[in-house]
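Q: Could you have a look at this structure, given as structure tokens, before my questions?
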Amino acid sequence: MKKICPSSGFTLIEILIVMLIFSVLTSSGYLAYTNLITRKTLDKAYREIRSGLLEAKKMAEYGKKDKCIAEQQLYGYEFSWDENNNVYSFTLSALCDEDSIFVKSVQLDKGIVLSGGEDNEIIFKVLDGKPVKQYDLKVSLDEQEKEITIGSLGELR
């Protein structure tokens, strides 16, 4: 039997297979992209927090007293963090006598969670830059996390 009309199109099965392959590639690409964005956001927050810790440590080591009033004594610098409406931020403050004097505040990206420590604060003592004790901080976003350890000598790992 001869065909009257030659076939020049695709069959339904061929179209469905192409659509299936396209959807698998699209979904795997989307998952890889969101994973990349999550990792980059976490890396950015990790660098910001580490930078804030190093800044507080350096100001304490140098005994940077310009934030205190002339007759006040500088005891150290504090790195503290807080959460407001699911957005974390950290603050650097100079500890002068009974006062805590604001130096700097940084708001982290939405979704970043900063945890560790008992009082949500790390204090670096003046002149030696050592923390009051050793701390372990966790920076996390979704299922991914990074850890920052502040050793008893003030080293960051």
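We name chains A, B, ... following the order of the structure tokens; residues begin at 1 in each chain, and ligands are numbered from 1 as shown.
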Near Arg50 of chain A, within 9 Å and counting only C-alpha atoms, which residues show up once chain neighbours fewer than 5 positions away are dropped, as a list in words?
A: Ala45, Glu55, Ile148 and Leu156 of chain A
Q: Extract the full set of helix (DSSP H, G or I) residues from segment 9-98 of chain A according to DSSP on the backbone, and format it as a ChimeraX atom specification.
A: /A:12-62
Q: Considering only C-alpha atoms, state which residue in the set A:Glu71, A:Ile37, A:Lys64, A:Phe90 is at the smallest distance from Asp142 of chain A.
A: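 Looking at the shortest contact to Asp142 of chain A, the residue is A:Ile37.
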Q: Could you work out how far atom CA of Tyr30 of chain A lies from atom CA of Glu143 of chain A, giving the answer in Å with one decimal?
A: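 One can read the atom CA of Glu143 of chain A to atom CA of Tyr30 of chain A distance as 17.1 Å.
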Q: Tell me which of A:Arg47, A:Tyr77, A:Asp66, A:Cys96 sits closest to Glu147 of chain A, counting only C-alpha atoms.
A: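 For Glu147 of chain A, the nearest of the given residues is A:Arg47.
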Q: Excluding same-chain residues fewer than 6 positions from Ile101 of chain A, what lies within 10 Å of it counting only C-alpha atoms, as JSON, numbers by chain?
A: {"A": [67, 68, 69, 77, 78, 92, 93, 94, 95]}
Q: At a cut-off of 12 Å, using only C-alpha atoms, what residues contact Asn84 of chain A? Leave out same-chain residues fewer than 4 positions from it and give the result as a PyMOL selection string.
A: chain A and resi 88-90+107-108+110-113
Q: Export N, CA and C atoms of the chosen residues as an mmCIF file, in the first residue's frame?
A:
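Once everything was written out, this is out.cif:
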```cif
data_model
loop_
_atom_site.group_PDB
_atom_site.id
_atom_site.type_symbol
_atom_site.label_atom_id
_atom_site.label_comp_id
_atom_site.auth_asym_id
_atom_site.auth_seq_id
_atom_site.Cartn_x
_atom_site.Cartn_y
_atom_site.Cartn_z
ATOM 1 N N TYR A 88 19.074 39.402 59.920
ATOM 2 C CA TYR A 88 20.127 39.551 60.920
ATOM 3 C C TYR A 88 21.021 40.731 60.580
ATOM 4 N N SER A 89 21.555 41.345 61.629
ATOM 5 C CA SER A 89 22.541 42.414 61.464
ATOM 6 C C SER A 89 23.543 42.298 62.601
ATOM 7 N N PHE A 90 24.737 42.839 62.372
ATOM 8 C CA PHE A 90 25.711 42.868 63.456
ATOM 9 C C PHE A 90 26.172 44.294 63.680
ATOM 10 N N GLN A 107 23.793 45.221 57.978
ATOM 11 C CA GLN A 107 22.635 44.348 57.820
ATOM 12 C C GLN A 107 22.981 43.261 56.811
ATOM 13 N N LEU A 108 22.722 42.009 57.190
ATOM 14 C CA LEU A 108 23.005 40.870 56.316
ATOM 15 C C LEU A 108 21.822 40.623 55.382
ATOM 16 N N LYS A 110 18.713 38.883 53.479
ATOM 17 C CA LYS A 110 17.563 38.153 54.011
ATOM 18 C C LYS A 110 17.800 36.650 53.872
ATOM 19 N N GLY A 111 17.463 35.920 54.913
ATOM 20 C CA GLY A 111 17.623 34.473 54.908
ATOM 21 C C GLY A 111 18.881 34.003 55.611
ATOM 22 N N ILE A 112 19.851 34.885 55.782
ATOM 23 C CA ILE A 112 21.086 34.532 56.481
ATOM 24 C C ILE A 112 20.782 34.414 57.968
ATOM 25 N N VAL A 113 21.265 33.344 58.596
ATOM 26 C CA VAL A 113 21.086 33.145 60.031
ATOM 27 C C VAL A 113 22.465 33.084 60.676
#
```
